[in-house]
$ cat query.cif   # mmCIF, C-alpha atoms and all ligand atoms
data_work
#
loop_
_atom_site.group_PDB
_atom_site.id
_atom_site.type_symbol
_atom_site.label_atom_id
_atom_site.label_comp_id
_atom_site.auth_asym_id
_atom_site.auth_seq_id
_atom_site.Cartn_x
_atom_site.Cartn_y
_atom_site.Cartn_z
ATOM 1 C CA MET A 1179 90.082 -35.999 12.885
ATOM 2 C CA LEU A 1180 92.626 -37.262 10.344
ATOM 3 C CA ASN A 1181 93.484 -33.960 8.655
ATOM 4 C CA GLY A 1182 97.112 -33.918 7.548
ATOM 5 C CA LYS A 1183 97.488 -37.704 7.757
ATOM 6 C CA THR A 1184 98.055 -39.898 4.709
ATOM 7 C CA ALA A 1185 96.443 -43.313 4.366
ATOM 8 C CA LEU A 1186 97.674 -45.913 1.892
ATOM 9 C CA VAL A 1187 94.957 -48.499 1.271
ATOM 10 C CA THR A 1188 96.094 -51.446 -0.835
ATOM 11 C CA GLY A 1189 93.538 -53.037 -3.139
ATOM 12 C CA SER A 1190 91.295 -49.979 -2.964
ATOM 13 C CA THR A 1191 89.948 -49.776 -6.512
ATOM 14 C CA SER A 1192 87.064 -52.005 -5.379
ATOM 15 C CA GLY A 1193 85.112 -53.484 -2.488
ATOM 16 C CA ILE A 1194 86.280 -53.190 1.099
ATOM 17 C CA GLY A 1195 89.426 -51.200 0.281
ATOM 18 C CA LEU A 1196 87.462 -48.490 -1.498
ATOM 19 C CA GLY A 1197 84.940 -48.399 1.369
ATOM 20 C CA ILE A 1198 87.746 -47.900 3.880
ATOM 21 C CA ALA A 1199 89.434 -45.229 1.724
ATOM 22 C CA LEU A 1200 86.156 -43.283 1.542
ATOM 23 C CA GLN A 1201 85.536 -43.392 5.315
ATOM 24 C CA LEU A 1202 89.137 -42.323 6.081
ATOM 25 C CA ALA A 1203 88.835 -39.498 3.529
ATOM 26 C CA LYS A 1204 85.614 -38.324 5.195
ATOM 27 C CA GLN A 1205 87.744 -37.791 8.307
ATOM 28 C CA GLY A 1206 90.146 -35.627 6.287
ATOM 29 C CA ALA A 1207 92.930 -38.126 5.518
ATOM 30 C CA ASN A 1208 94.743 -37.850 2.210
ATOM 31 C CA ILE A 1209 94.476 -41.147 0.366
ATOM 32 C CA ILE A 1210 96.762 -43.237 -1.813
ATOM 33 C CA LEU A 1211 94.744 -45.764 -3.775
ATOM 34 C CA ASN A 1212 96.166 -48.995 -5.163
ATOM 35 C CA GLY A 1213 94.749 -51.870 -7.159
ATOM 36 C CA PHE A 1214 93.918 -53.168 -10.594
ATOM 37 C CA GLY A 1215 91.148 -52.235 -13.009
ATOM 38 C CA ASP A 1216 89.746 -48.756 -13.508
ATOM 39 C CA HIS A 1217 91.095 -46.385 -10.870
ATOM 40 C CA THR A 1218 89.817 -43.112 -12.321
ATOM 41 C CA GLY A 1219 86.237 -43.654 -11.040
ATOM 42 C CA PRO A 1220 87.317 -44.515 -7.462
ATOM 43 C CA LYS A 1221 89.893 -41.679 -7.521
ATOM 44 C CA ALA A 1222 87.224 -39.129 -8.507
ATOM 45 C CA GLU A 1223 84.879 -40.497 -5.821
ATOM 46 C CA VAL A 1224 87.485 -39.986 -3.074
ATOM 47 C CA GLU A 1225 88.646 -36.627 -4.489
ATOM 48 C CA ALA A 1226 85.052 -35.376 -4.269
ATOM 49 C CA LEU A 1227 85.531 -35.476 -0.481
ATOM 50 C CA GLY A 1228 88.092 -32.680 -0.791
ATOM 51 C CA VAL A 1229 91.274 -34.542 0.143
ATOM 52 C CA LYS A 1230 94.475 -35.112 -1.852
ATOM 53 C CA VAL A 1231 94.337 -38.459 -3.668
ATOM 54 C CA GLY A 1232 97.156 -40.394 -5.312
ATOM 55 C CA TYR A 1233 97.294 -43.745 -7.038
ATOM 56 C CA SER A 1234 99.872 -46.485 -7.382
ATOM 57 C CA GLY A 1235 99.320 -49.405 -9.720
ATOM 58 C CA ALA A 1236 101.838 -51.551 -7.816
ATOM 59 C CA ASP A 1237 101.265 -55.283 -8.169
ATOM 60 C CA MET A 1238 101.190 -56.374 -4.530
ATOM 61 C CA SER A 1239 102.696 -59.749 -5.438
ATOM 62 C CA LYS A 1240 105.933 -57.961 -6.422
ATOM 63 C CA PRO A 1241 108.144 -56.668 -3.565
ATOM 64 C CA ALA A 1242 110.010 -54.221 -5.847
ATOM 65 C CA GLU A 1243 106.720 -52.613 -6.912
ATOM 66 C CA ILE A 1244 105.617 -52.337 -3.263
ATOM 67 C CA ALA A 1245 108.903 -50.572 -2.464
ATOM 68 C CA ALA A 1246 108.370 -48.180 -5.400
ATOM 69 C CA MET A 1247 104.851 -47.426 -4.095
ATOM 70 C CA ILE A 1248 106.210 -46.512 -0.648
ATOM 71 C CA ASP A 1249 108.887 -44.315 -2.303
ATOM 72 C CA TYR A 1250 106.082 -42.581 -4.223
ATOM 73 C CA ALA A 1251 104.155 -42.060 -0.960
ATOM 74 C CA THR A 1252 107.229 -40.540 0.667
ATOM 75 C CA ALA A 1253 107.981 -38.240 -2.274
ATOM 76 C CA GLU A 1254 104.416 -37.063 -2.943
ATOM 77 C CA PHE A 1255 102.753 -37.267 0.497
ATOM 78 C CA GLY A 1256 105.603 -37.107 3.022
ATOM 79 C CA GLY A 1257 105.125 -40.759 3.996
ATOM 80 C CA VAL A 1258 102.403 -43.124 5.126
ATOM 81 C CA ASP A 1259 100.693 -42.494 8.496
ATOM 82 C CA ILE A 1260 97.985 -45.128 8.084
ATOM 83 C CA LEU A 1261 98.638 -48.349 6.186
ATOM 84 C CA VAL A 1262 95.653 -50.545 5.395
ATOM 85 C CA ASN A 1263 96.809 -53.931 4.118
ATOM 86 C CA ASN A 1264 93.706 -54.930 2.203
ATOM 87 C CA ALA A 1265 94.572 -56.312 -1.252
ATOM 88 C CA GLY A 1266 93.546 -59.932 -1.467
ATOM 89 C CA ILE A 1267 92.425 -62.724 -3.731
ATOM 90 C CA GLN A 1268 90.670 -66.051 -3.226
ATOM 91 C CA HIS A 1269 90.714 -69.484 -4.821
ATOM 92 C CA VAL A 1270 88.533 -72.375 -3.723
ATOM 93 C CA ALA A 1271 89.658 -75.981 -4.306
ATOM 94 C CA PRO A 1272 90.482 -79.095 -2.277
ATOM 95 C CA ILE A 1273 94.134 -79.502 -1.328
ATOM 96 C CA GLU A 1274 94.783 -82.388 -3.765
ATOM 97 C CA SER A 1275 93.865 -80.253 -6.748
ATOM 98 C CA PHE A 1276 94.823 -76.812 -5.412
ATOM 99 C CA PRO A 1277 96.805 -75.177 -8.250
ATOM 100 C CA ILE A 1278 100.371 -74.467 -7.127
ATOM 101 C CA GLU A 1279 100.380 -71.062 -8.832
ATOM 102 C CA LYS A 1280 97.171 -70.095 -6.976
ATOM 103 C CA TRP A 1281 98.766 -71.075 -3.646
ATOM 104 C CA ASP A 1282 101.812 -68.942 -4.458
ATOM 105 C CA ALA A 1283 99.705 -65.965 -5.576
ATOM 106 C CA ILE A 1284 97.439 -66.055 -2.506
ATOM 107 C CA ILE A 1285 100.401 -66.237 -0.116
ATOM 108 C CA ALA A 1286 102.154 -63.427 -2.027
ATOM 109 C CA ILE A 1287 99.189 -61.017 -2.220
ATOM 110 C CA ASN A 1288 97.297 -61.847 0.992
ATOM 111 C CA LEU A 1289 100.295 -62.351 3.303
ATOM 112 C CA SER A 1290 103.744 -61.411 1.986
ATOM 113 C CA ALA A 1291 102.490 -58.080 0.598
ATOM 114 C CA ALA A 1292 101.391 -57.101 4.122
ATOM 115 C CA PHE A 1293 104.881 -57.998 5.391
ATOM 116 C CA HIS A 1294 106.601 -55.889 2.725
ATOM 117 C CA ALA A 1295 104.355 -52.846 3.062
ATOM 118 C CA THR A 1296 104.491 -52.985 6.868
ATOM 119 C CA ARG A 1297 108.280 -53.342 7.088
ATOM 120 C CA LEU A 1298 108.685 -50.374 4.747
ATOM 121 C CA VAL A 1299 106.310 -47.971 6.567
ATOM 122 C CA ILE A 1300 107.233 -48.747 10.187
ATOM 123 C CA PRO A 1301 110.480 -46.665 10.195
ATOM 124 C CA GLY A 1302 108.605 -43.498 9.113
ATOM 125 C CA MET A 1303 105.857 -44.129 11.674
ATOM 126 C CA ARG A 1304 108.419 -44.656 14.438
ATOM 127 C CA ALA A 1305 110.125 -41.379 13.448
ATOM 128 C CA LYS A 1306 106.798 -39.489 13.831
ATOM 129 C CA ASN A 1307 105.846 -41.581 16.892
ATOM 130 C CA TRP A 1308 102.390 -42.033 15.381
ATOM 131 C CA GLY A 1309 101.085 -44.602 12.980
ATOM 132 C CA ARG A 1310 98.412 -47.152 12.293
ATOM 133 C CA VAL A 1311 98.806 -50.478 10.515
ATOM 134 C CA ILE A 1312 95.430 -52.102 9.938
ATOM 135 C CA SER A 1313 95.365 -55.407 8.097
ATOM 136 C CA ILE A 1314 92.152 -56.750 6.647
ATOM 137 C CA ALA A 1315 92.433 -60.393 7.592
ATOM 138 C CA SER A 1316 89.176 -62.386 7.727
ATOM 139 C CA ALA A 1317 87.077 -64.685 9.861
ATOM 140 C CA HIS A 1318 89.369 -67.122 8.046
ATOM 141 C CA GLY A 1319 92.236 -65.614 10.041
ATOM 142 C CA LEU A 1320 90.585 -67.149 13.125
ATOM 143 C CA VAL A 1321 88.819 -70.295 11.914
ATOM 144 C CA ALA A 1322 88.909 -72.403 8.750
ATOM 145 C CA SER A 1323 86.570 -73.512 5.995
ATOM 146 C CA ALA A 1324 87.157 -76.492 3.728
ATOM 147 C CA ASN A 1325 88.686 -75.924 0.293
ATOM 148 C CA LYS A 1326 90.341 -72.617 1.247
ATOM 149 C CA SER A 1327 93.734 -73.885 2.447
ATOM 150 C CA ALA A 1328 95.823 -71.079 0.944
ATOM 151 C CA TYR A 1329 93.455 -68.299 1.997
ATOM 152 C CA VAL A 1330 93.101 -69.652 5.545
ATOM 153 C CA ALA A 1331 96.883 -70.090 5.838
ATOM 154 C CA ALA A 1332 97.527 -66.562 4.565
ATOM 155 C CA LYS A 1333 94.909 -64.940 6.813
ATOM 156 C CA HIS A 1334 96.099 -66.817 9.926
ATOM 157 C CA GLY A 1335 99.562 -65.595 8.937
ATOM 158 C CA VAL A 1336 98.368 -61.989 8.778
ATOM 159 C CA VAL A 1337 96.881 -62.294 12.275
ATOM 160 C CA GLY A 1338 100.147 -63.759 13.573
ATOM 161 C CA MET A 1339 102.285 -61.090 11.961
ATOM 162 C CA THR A 1340 99.953 -58.415 13.365
ATOM 163 C CA LYS A 1341 100.535 -59.680 16.910
ATOM 164 C CA ALA A 1342 104.315 -59.839 16.462
ATOM 165 C CA VAL A 1343 104.642 -56.316 15.052
ATOM 166 C CA ALA A 1344 102.213 -54.958 17.671
ATOM 167 C CA LEU A 1345 104.636 -56.223 20.323
ATOM 168 C CA GLU A 1346 107.633 -54.723 18.531
ATOM 169 C CA THR A 1347 105.931 -51.297 18.515
ATOM 170 C CA ALA A 1348 104.112 -51.614 21.864
ATOM 171 C CA THR A 1349 105.921 -48.724 23.581
ATOM 172 C CA THR A 1350 105.442 -46.339 20.650
ATOM 173 C CA GLY A 1351 102.586 -44.322 19.169
ATOM 174 C CA VAL A 1352 102.309 -46.883 16.386
ATOM 175 C CA THR A 1353 99.535 -49.479 16.704
ATOM 176 C CA VAL A 1354 99.159 -52.618 14.623
ATOM 177 C CA ASN A 1355 95.842 -54.452 14.415
ATOM 178 C CA ALA A 1356 93.756 -56.698 12.191
ATOM 179 C CA ILE A 1357 90.094 -56.596 11.219
ATOM 180 C CA CYS A 1358 88.452 -59.963 10.564
ATOM 181 C CA PRO A 1359 85.314 -59.552 8.447
ATOM 182 C CA GLY A 1360 82.797 -62.273 7.810
ATOM 183 C CA TRP A 1361 80.895 -62.077 4.524
ATOM 184 C CA VAL A 1362 80.991 -58.720 2.732
ATOM 185 C CA LEU A 1363 79.176 -58.474 -0.609
ATOM 186 C CA THR A 1364 82.060 -57.493 -2.921
ATOM 187 C CA PRO A 1365 83.221 -58.876 -6.302
ATOM 188 C CA LEU A 1366 85.368 -61.420 -4.393
ATOM 189 C CA VAL A 1367 82.282 -62.887 -2.703
ATOM 190 C CA GLN A 1368 79.901 -62.349 -5.624
ATOM 191 C CA LYS A 1369 82.073 -64.796 -7.604
ATOM 192 C CA GLN A 1370 81.602 -67.439 -4.889
ATOM 193 C CA ILE A 1371 77.821 -66.860 -4.960
ATOM 194 C CA ASP A 1372 77.752 -67.086 -8.775
ATOM 195 C CA ASP A 1373 79.799 -70.327 -8.695
ATOM 196 C CA ARG A 1374 77.471 -71.827 -6.086
ATOM 197 C CA SER A 1375 74.400 -70.829 -8.115
ATOM 198 C CA ALA A 1376 75.873 -72.427 -11.274
ATOM 199 C CA ASN A 1377 77.151 -75.602 -9.559
ATOM 200 C CA GLU A 1378 73.959 -76.270 -7.599
ATOM 201 C CA LYS A 1379 71.602 -74.963 -10.325
ATOM 202 C CA ILE A 1380 69.880 -72.588 -7.892
ATOM 203 C CA THR A 1381 69.037 -68.891 -8.154
ATOM 204 C CA ILE A 1382 71.467 -66.174 -7.063
ATOM 205 C CA ALA A 1383 69.057 -65.292 -4.232
ATOM 206 C CA GLN A 1384 69.038 -68.905 -2.998
ATOM 207 C CA ALA A 1385 72.820 -69.161 -3.309
ATOM 208 C CA THR A 1386 73.213 -65.950 -1.292
ATOM 209 C CA LYS A 1387 70.888 -67.256 1.418
ATOM 210 C CA GLU A 1388 72.789 -70.554 1.593
ATOM 211 C CA LEU A 1389 76.176 -68.822 1.756
ATOM 212 C CA LEU A 1390 75.126 -66.620 4.674
ATOM 213 C CA GLY A 1391 73.177 -69.388 6.422
ATOM 214 C CA GLU A 1392 76.185 -71.732 6.511
ATOM 215 C CA LYS A 1393 78.481 -69.435 8.481
ATOM 216 C CA GLU A 1394 76.996 -66.092 9.512
ATOM 217 C CA PRO A 1395 74.391 -66.199 12.335
ATOM 218 C CA SER A 1396 73.201 -62.634 11.647
ATOM 219 C CA LEU A 1397 72.318 -63.680 8.065
ATOM 220 C CA GLN A 1398 73.544 -60.244 7.027
ATOM 221 C CA PHE A 1399 76.552 -58.985 5.122
ATOM 222 C CA THR A 1400 78.934 -56.588 6.850
ATOM 223 C CA THR A 1401 79.348 -53.492 4.630
ATOM 224 C CA PRO A 1402 82.530 -51.814 3.394
ATOM 225 C CA GLU A 1403 81.287 -48.618 5.097
ATOM 226 C CA GLN A 1404 81.046 -50.382 8.472
ATOM 227 C CA LEU A 1405 84.576 -51.726 8.059
ATOM 228 C CA GLY A 1406 85.723 -48.236 7.072
ATOM 229 C CA ASP A 1407 84.195 -46.818 10.233
ATOM 230 C CA LEU A 1408 85.944 -49.516 12.290
ATOM 231 C CA ALA A 1409 89.227 -48.473 10.668
ATOM 232 C CA VAL A 1410 88.410 -44.839 11.529
ATOM 233 C CA PHE A 1411 87.883 -45.875 15.149
ATOM 234 C CA MET A 1412 91.242 -47.685 15.148
ATOM 235 C CA CYS A 1413 92.819 -44.401 14.013
ATOM 236 C CA SER A 1414 91.182 -42.438 16.846
ATOM 237 C CA PRO A 1415 92.767 -41.581 20.220
ATOM 238 C CA ALA A 1416 90.340 -44.032 21.868
ATOM 239 C CA ALA A 1417 92.299 -46.796 20.147
ATOM 240 C CA ASP A 1418 95.777 -45.583 21.162
ATOM 241 C CA ASN A 1419 96.293 -48.654 23.352
ATOM 242 C CA ILE A 1420 94.514 -51.244 21.244
ATOM 243 C CA ARG A 1421 97.390 -53.411 20.036
ATOM 244 C CA GLY A 1422 97.620 -56.739 18.274
ATOM 245 C CA VAL A 1423 93.904 -57.496 18.145
ATOM 246 C CA ALA A 1424 92.149 -59.553 15.494
ATOM 247 C CA TRP A 1425 88.809 -57.784 15.620
ATOM 248 C CA ALA A 1426 85.911 -59.818 14.268
ATOM 249 C CA ALA A 1427 83.215 -58.018 12.263
ATOM 250 C CA ASP A 1428 81.471 -61.186 11.205
ATOM 251 C CA GLY A 1429 77.829 -61.306 12.358
ATOM 252 C CA GLY A 1430 78.749 -63.893 14.992
ATOM 253 C CA TRP A 1431 80.596 -66.309 12.645
ATOM 254 C CA THR A 1432 83.550 -66.895 14.990
ATOM 255 C CA ALA A 1433 81.446 -66.803 18.179
ATOM 256 C CA GLN A 1434 80.061 -70.244 17.315
HETATM 257 P P1 LIG B 1 87.714 -57.198 -4.177
HETATM 258 O O1 LIG B 1 87.997 -58.286 -5.168
HETATM 259 O O2 LIG B 1 86.481 -56.395 -4.301
HETATM 260 O O3 LIG B 1 88.939 -56.193 -4.100
HETATM 261 C C1 LIG B 1 90.251 -56.634 -4.088
HETATM 262 C C2 LIG B 1 91.157 -55.485 -4.390
HETATM 263 O O4 LIG B 1 92.502 -55.963 -4.404
HETATM 264 C C3 LIG B 1 90.898 -54.864 -5.768
HETATM 265 O O5 LIG B 1 91.123 -53.471 -5.685
HETATM 266 C C4 LIG B 1 91.972 -55.519 -6.628
HETATM 267 O O6 LIG B 1 92.337 -54.739 -7.766
HETATM 268 C C5 LIG B 1 93.097 -55.591 -5.625
HETATM 269 N N1 LIG B 1 94.132 -56.542 -5.985
HETATM 270 C C6 LIG B 1 94.018 -57.867 -6.257
HETATM 271 N N2 LIG B 1 95.215 -58.381 -6.572
HETATM 272 C C7 LIG B 1 96.110 -57.361 -6.481
HETATM 273 C C8 LIG B 1 97.505 -57.249 -6.691
HETATM 274 N N3 LIG B 1 98.252 -58.302 -7.060
HETATM 275 N N4 LIG B 1 98.088 -56.049 -6.522
HETATM 276 C C9 LIG B 1 97.353 -54.963 -6.175
HETATM 277 N N5 LIG B 1 96.034 -55.011 -5.967
HETATM 278 C C10 LIG B 1 95.421 -56.197 -6.116
HETATM 279 O O7 LIG B 1 87.785 -57.949 -2.760
HETATM 280 P P2 LIG B 1 87.250 -57.555 -1.306
HETATM 281 O O8 LIG B 1 86.179 -58.522 -0.961
HETATM 282 O O9 LIG B 1 87.004 -56.097 -1.188
HETATM 283 O O10 LIG B 1 88.511 -57.991 -0.430
HETATM 284 C C11 LIG B 1 89.398 -57.074 0.170
HETATM 285 C C12 LIG B 1 90.099 -57.772 1.320
HETATM 286 O O11 LIG B 1 89.146 -58.157 2.304
HETATM 287 C C13 LIG B 1 90.831 -59.049 0.916
HETATM 288 O O12 LIG B 1 92.058 -59.130 1.615
HETATM 289 C C14 LIG B 1 89.884 -60.131 1.356
HETATM 290 O O13 LIG B 1 90.561 -61.328 1.620
HETATM 291 C C15 LIG B 1 89.312 -59.515 2.616
HETATM 292 N N6 LIG B 1 88.045 -60.085 3.039
HETATM 293 C C16 LIG B 1 86.951 -60.041 2.249
HETATM 294 C C17 LIG B 1 85.776 -60.584 2.711
HETATM 295 C C18 LIG B 1 84.514 -60.556 1.898
HETATM 296 O O14 LIG B 1 83.539 -61.174 2.329
HETATM 297 N N7 LIG B 1 84.465 -59.868 0.780
HETATM 298 C C19 LIG B 1 85.705 -61.163 3.982
HETATM 299 C C20 LIG B 1 86.851 -61.190 4.757
HETATM 300 C C21 LIG B 1 88.007 -60.641 4.282
#
$ encode --input "query.cif" --output "C-alpha cells" --more "lines below"
Ligand code: NAD
Amino acid sequence: MLNGKTALVTGSTSGIGLGIALQLAKQGANIILNGFGDHTGPKAEVEALGVKVGYSGADMSKPAEIAAMIDYATAEFGGVDILVNNAGIQHVAPIESFPIEKWDAIIAINLSAAFHATRLVIPGMRAKNWGRVISIASAHGLVASANKSAYVAAKHGVVGMTKAVALETATTGVTVNAICPGWVLTPLVQKQIDDRSANEKITIAQATKELLGEKEPSLQFTTPEQLGDLAVFMCSPAADNIRGVAWAADGGWTAQ
C-alpha cells in the first residue's frame, strides 16, 4: 500500500518508533530512522523487509540538525511523504524541584522538534498533494498526571499544534493527526517501573501491576506493533478525511 512512499520516524532506534517503522515498512514504505544508541540492529531489522532504509543521527533538540535531516531525506529519498513525530523523553518530579534543564529538554524534544520537522516537510507534501504527519502524543496530551508537568505541557502542545496544522492543510491531500497511547512497555516506561520498584521496595511484577492499575482500565499495555498498525491505517485512503484528531490507544485511560 505504501510502495514508493518515504516515512521519516523520529526516535525510531527503540520502542514505539521502531515498531511504527517496521509496520510502515511491511506496507512497502522506505524508512528513514533517527535516534540515539545503536542504529545498526534496527536498520538491519527494517532492511530485512526489503525496503530502502536510511538513518539520521540528528539530535531532535537542535533545530539545525533537524533541518539537516530533512535535507538528507530530500537528497537521498526525494522527500518525506510520511512524518512520524515520535522522539520523546520523560522526567518525573514535582514542580518545585523540577530541574530547569529537564523542562527545557522535554519541551525541545517532545514539542519543538515536532514543530520544526513538521514545518520543514509540509511544503514538499503540499507540492505532491499527499502527505501524512502523525505525532505520537500521549494520554498525557489529553489528561494530566502529577509530577509530569513538562511532559503533560509538551504533549498537550503537540495535540494543539496537530489541530492547527490540520486546519491549515484541510483542503489538501495532507492530513495531520496525533496518536495518544496509554502505557506501552518500552525503555521509557520500564525506567518508571524500575524506579517504582526501588522506591516502594516491591518486585518488578508488583510495580508493573500497580502502574497499570492506577490509570489503565484494560490492565494491558498497548504494543508498538498496534500503534504501528494504527499509523498504517492513518496512511490509508480510508483516513483521507481524518484530520486533527488526537486518537487514544490507551486501554480506556482517558474514557474515565
Ligand atoms: P523510548 O525511550 O523507547 O524511545 C525514544 C526514542 O527517542 C529513542 O529512539 C531515542 O534514541 C530517541 N530520542 C530521545 N531523545 C532524542 C533526541 N534528542 N534526538 C533524537 N532522538 C531522540 O521511548 P518510547 O516509549 O518508545 O517513546 C516514544 C514516544 O512515545 C515518545 O514521544 C513518548 O513520549 C511517547 N509515548 C510513550 C508511551 C509509553 O508508554 N511508552 C506512552 C505514550 C506516549
$ resolve_selection --input "query.cif" --expression "the PyMOL selection byres (((not hetatm)) within 6 of (chain B and resi 1))" --output "ChimeraX atom specification"
/A:1189-1195,1213-1215,1236-1239,1264-1267,1287-1288,1314-1316,1359-1367
$ write_last_selection --input "query.cif" --atoms "C-alpha atoms" --output "short mmCIF file (atom, residue, chain, number, x, y, z; two decimals), keeping the file's coordinate frame"
data_model
loop_
_atom_site.label_atom_id
_atom_site.label_comp_id
_atom_site.auth_asym_id
_atom_site.auth_seq_id
_atom_site.Cartn_x
_atom_site.Cartn_y
_atom_site.Cartn_z
CA GLY A 1189 93.54 -53.04 -3.14
CA SER A 1190 91.30 -49.98 -2.96
CA THR A 1191 89.95 -49.78 -6.51
CA SER A 1192 87.06 -52.00 -5.38
CA GLY A 1193 85.11 -53.48 -2.49
CA ILE A 1194 86.28 -53.19 1.10
CA GLY A 1195 89.43 -51.20 0.28
CA GLY A 1213 94.75 -51.87 -7.16
CA PHE A 1214 93.92 -53.17 -10.59
CA GLY A 1215 91.15 -52.24 -13.01
CA ALA A 1236 101.84 -51.55 -7.82
CA ASP A 1237 101.26 -55.28 -8.17
CA MET A 1238 101.19 -56.37 -4.53
CA SER A 1239 102.70 -59.75 -5.44
CA ASN A 1264 93.71 -54.93 2.20
CA ALA A 1265 94.57 -56.31 -1.25
CA GLY A 1266 93.55 -59.93 -1.47
CA ILE A 1267 92.42 -62.72 -3.73
CA ILE A 1287 99.19 -61.02 -2.22
CA ASN A 1288 97.30 -61.85 0.99
CA ILE A 1314 92.15 -56.75 6.65
CA ALA A 1315 92.43 -60.39 7.59
CA SER A 1316 89.18 -62.39 7.73
CA PRO A 1359 85.31 -59.55 8.45
CA GLY A 1360 82.80 -62.27 7.81
CA TRP A 1361 80.90 -62.08 4.52
CA VAL A 1362 80.99 -58.72 2.73
CA LEU A 1363 79.18 -58.47 -0.61
CA THR A 1364 82.06 -57.49 -2.92
CA PRO A 1365 83.22 -58.88 -6.30
CA LEU A 1366 85.37 -61.42 -4.39
CA VAL A 1367 82.28 -62.89 -2.70
#
$ resolve_selection --input "query.cif" --expression "the PyMOL selection byres (((chain A and resi 1349) around 12) and not hetatm)" --output "list in words"
Arg1304, Asn1307, Trp1308, Val1343, Ala1344, Leu1345, Glu1346, Thr1347, Ala1348, Thr1350, Gly1351, Val1352, Thr1353, Val1354, Asp1418, Asn1419, Ile1420 and Arg1421 of chain A
$ atom_distance --input "query.cif" --atom1 "atom CA of Ala1417 of chain A" --atom2 "atom CA of Ser1396 of chain A"
26.2 Å
$ residues_around --input "query.cif" --residues "Lys1333 of chain A" --least-positions-apart "3" --cutoff "9 Å" --atoms "all atoms listed in the file" --output "list in words"
Ile1285, Asn1288, Leu1289, Ile1314, Ala1315, Ser1316, Ala1317, His1318, Gly1319, Leu1320, Ala1328, Tyr1329, Val1330, Val1336, Val1337, Gly1338 and Cys1358 of chain A
$ axis_aligned_box --input "query.cif" --around "segment 1342-1358 of chain A" --padding-each-side "6 Å" --output "JSON"
{"center_x": 98.0, "center_y": -52.1, "center_z": 17.1, "size_x": 31.2, "size_y": 27.6, "size_z": 25.0}
$ resolve_selection --input "query.cif" --expression "the PyMOL selection byres (((chain A and resi 1293) around 10) and not hetatm)" --output "JSON, numbers by chain"
{"A": [1241, 1263, 1286, 1287, 1288, 1289, 1290, 1291, 1292, 1294, 1295, 1296, 1297, 1298, 1335, 1336, 1339, 1340, 1343]}
$ atom_distance --input "query.cif" --atom1 "atom CA of Ser1234 of chain A" --atom2 "atom CA of Thr1400 of chain A"
27.3 Å
$ residues_around --input "query.cif" --residues "segment 1244-1261 of chain A" --least-positions-apart "2" --cutoff "6 Å" --atoms "all atoms listed in the file" --output "JSON, numbers by chain"
{"A": [1183, 1184, 1185, 1186, 1236, 1241, 1242, 1309, 1310, 1311]}
$ build_atoms --input "query.cif" --residues "segment 1404-1408 of chain A" --atoms "all heavy atoms" --output "PDB file, in the frame of the given file"
ATOM      1  N   GLN A1404      80.869 -50.013   7.053  1.00  0.00           N
ATOM      2  CA  GLN A1404      81.046 -50.382   8.472  1.00  0.00           C
ATOM      3  C   GLN A1404      82.502 -50.705   8.762  1.00  0.00           C
ATOM      4  O   GLN A1404      83.037 -50.315   9.807  1.00  0.00           O
ATOM      5  CB  GLN A1404      80.149 -51.591   8.811  1.00  0.00           C
ATOM      6  CG  GLN A1404      78.670 -51.230   8.866  1.00  0.00           C
ATOM      7  CD  GLN A1404      77.766 -52.448   8.924  1.00  0.00           C
ATOM      8  OE1 GLN A1404      78.132 -53.545   8.500  1.00  0.00           O
ATOM      9  NE2 GLN A1404      76.569 -52.260   9.444  1.00  0.00           N
ATOM     10  N   LEU A1405      83.163 -51.399   7.839  1.00  0.00           N
ATOM     11  CA  LEU A1405      84.576 -51.726   8.059  1.00  0.00           C
ATOM     12  C   LEU A1405      85.422 -50.458   8.005  1.00  0.00           C
ATOM     13  O   LEU A1405      86.385 -50.309   8.758  1.00  0.00           O
ATOM     14  CB  LEU A1405      85.037 -52.750   7.013  1.00  0.00           C
ATOM     15  CG  LEU A1405      84.306 -54.101   7.120  1.00  0.00           C
ATOM     16  CD1 LEU A1405      84.673 -55.006   5.955  1.00  0.00           C
ATOM     17  CD2 LEU A1405      84.619 -54.788   8.451  1.00  0.00           C
ATOM     18  N   GLY A1406      85.025 -49.522   7.138  1.00  0.00           N
ATOM     19  CA  GLY A1406      85.723 -48.236   7.072  1.00  0.00           C
ATOM     20  C   GLY A1406      85.593 -47.480   8.385  1.00  0.00           C
ATOM     21  O   GLY A1406      86.569 -46.901   8.885  1.00  0.00           O
ATOM     22  N   ASP A1407      84.400 -47.512   8.961  1.00  0.00           N
ATOM     23  CA  ASP A1407      84.195 -46.818  10.233  1.00  0.00           C
ATOM     24  C   ASP A1407      84.974 -47.496  11.369  1.00  0.00           C
ATOM     25  O   ASP A1407      85.442 -46.829  12.295  1.00  0.00           O
ATOM     26  CB  ASP A1407      82.703 -46.730  10.567  1.00  0.00           C
ATOM     27  CG  ASP A1407      82.003 -45.654   9.747  1.00  0.00           C
ATOM     28  OD1 ASP A1407      82.699 -44.758   9.218  1.00  0.00           O
ATOM     29  OD2 ASP A1407      80.764 -45.710   9.622  1.00  0.00           O
ATOM     30  N   LEU A1408      85.126 -48.816  11.291  1.00  0.00           N
ATOM     31  CA  LEU A1408      85.944 -49.516  12.290  1.00  0.00           C
ATOM     32  C   LEU A1408      87.410 -49.094  12.146  1.00  0.00           C
ATOM     33  O   LEU A1408      88.108 -48.868  13.139  1.00  0.00           O
ATOM     34  CB  LEU A1408      85.771 -51.032  12.129  1.00  0.00           C
ATOM     35  CG  LEU A1408      86.476 -51.938  13.113  1.00  0.00           C
ATOM     36  CD1 LEU A1408      86.220 -51.548  14.557  1.00  0.00           C
ATOM     37  CD2 LEU A1408      86.035 -53.395  12.886  1.00  0.00           C
TER      38      LEU A1408
END
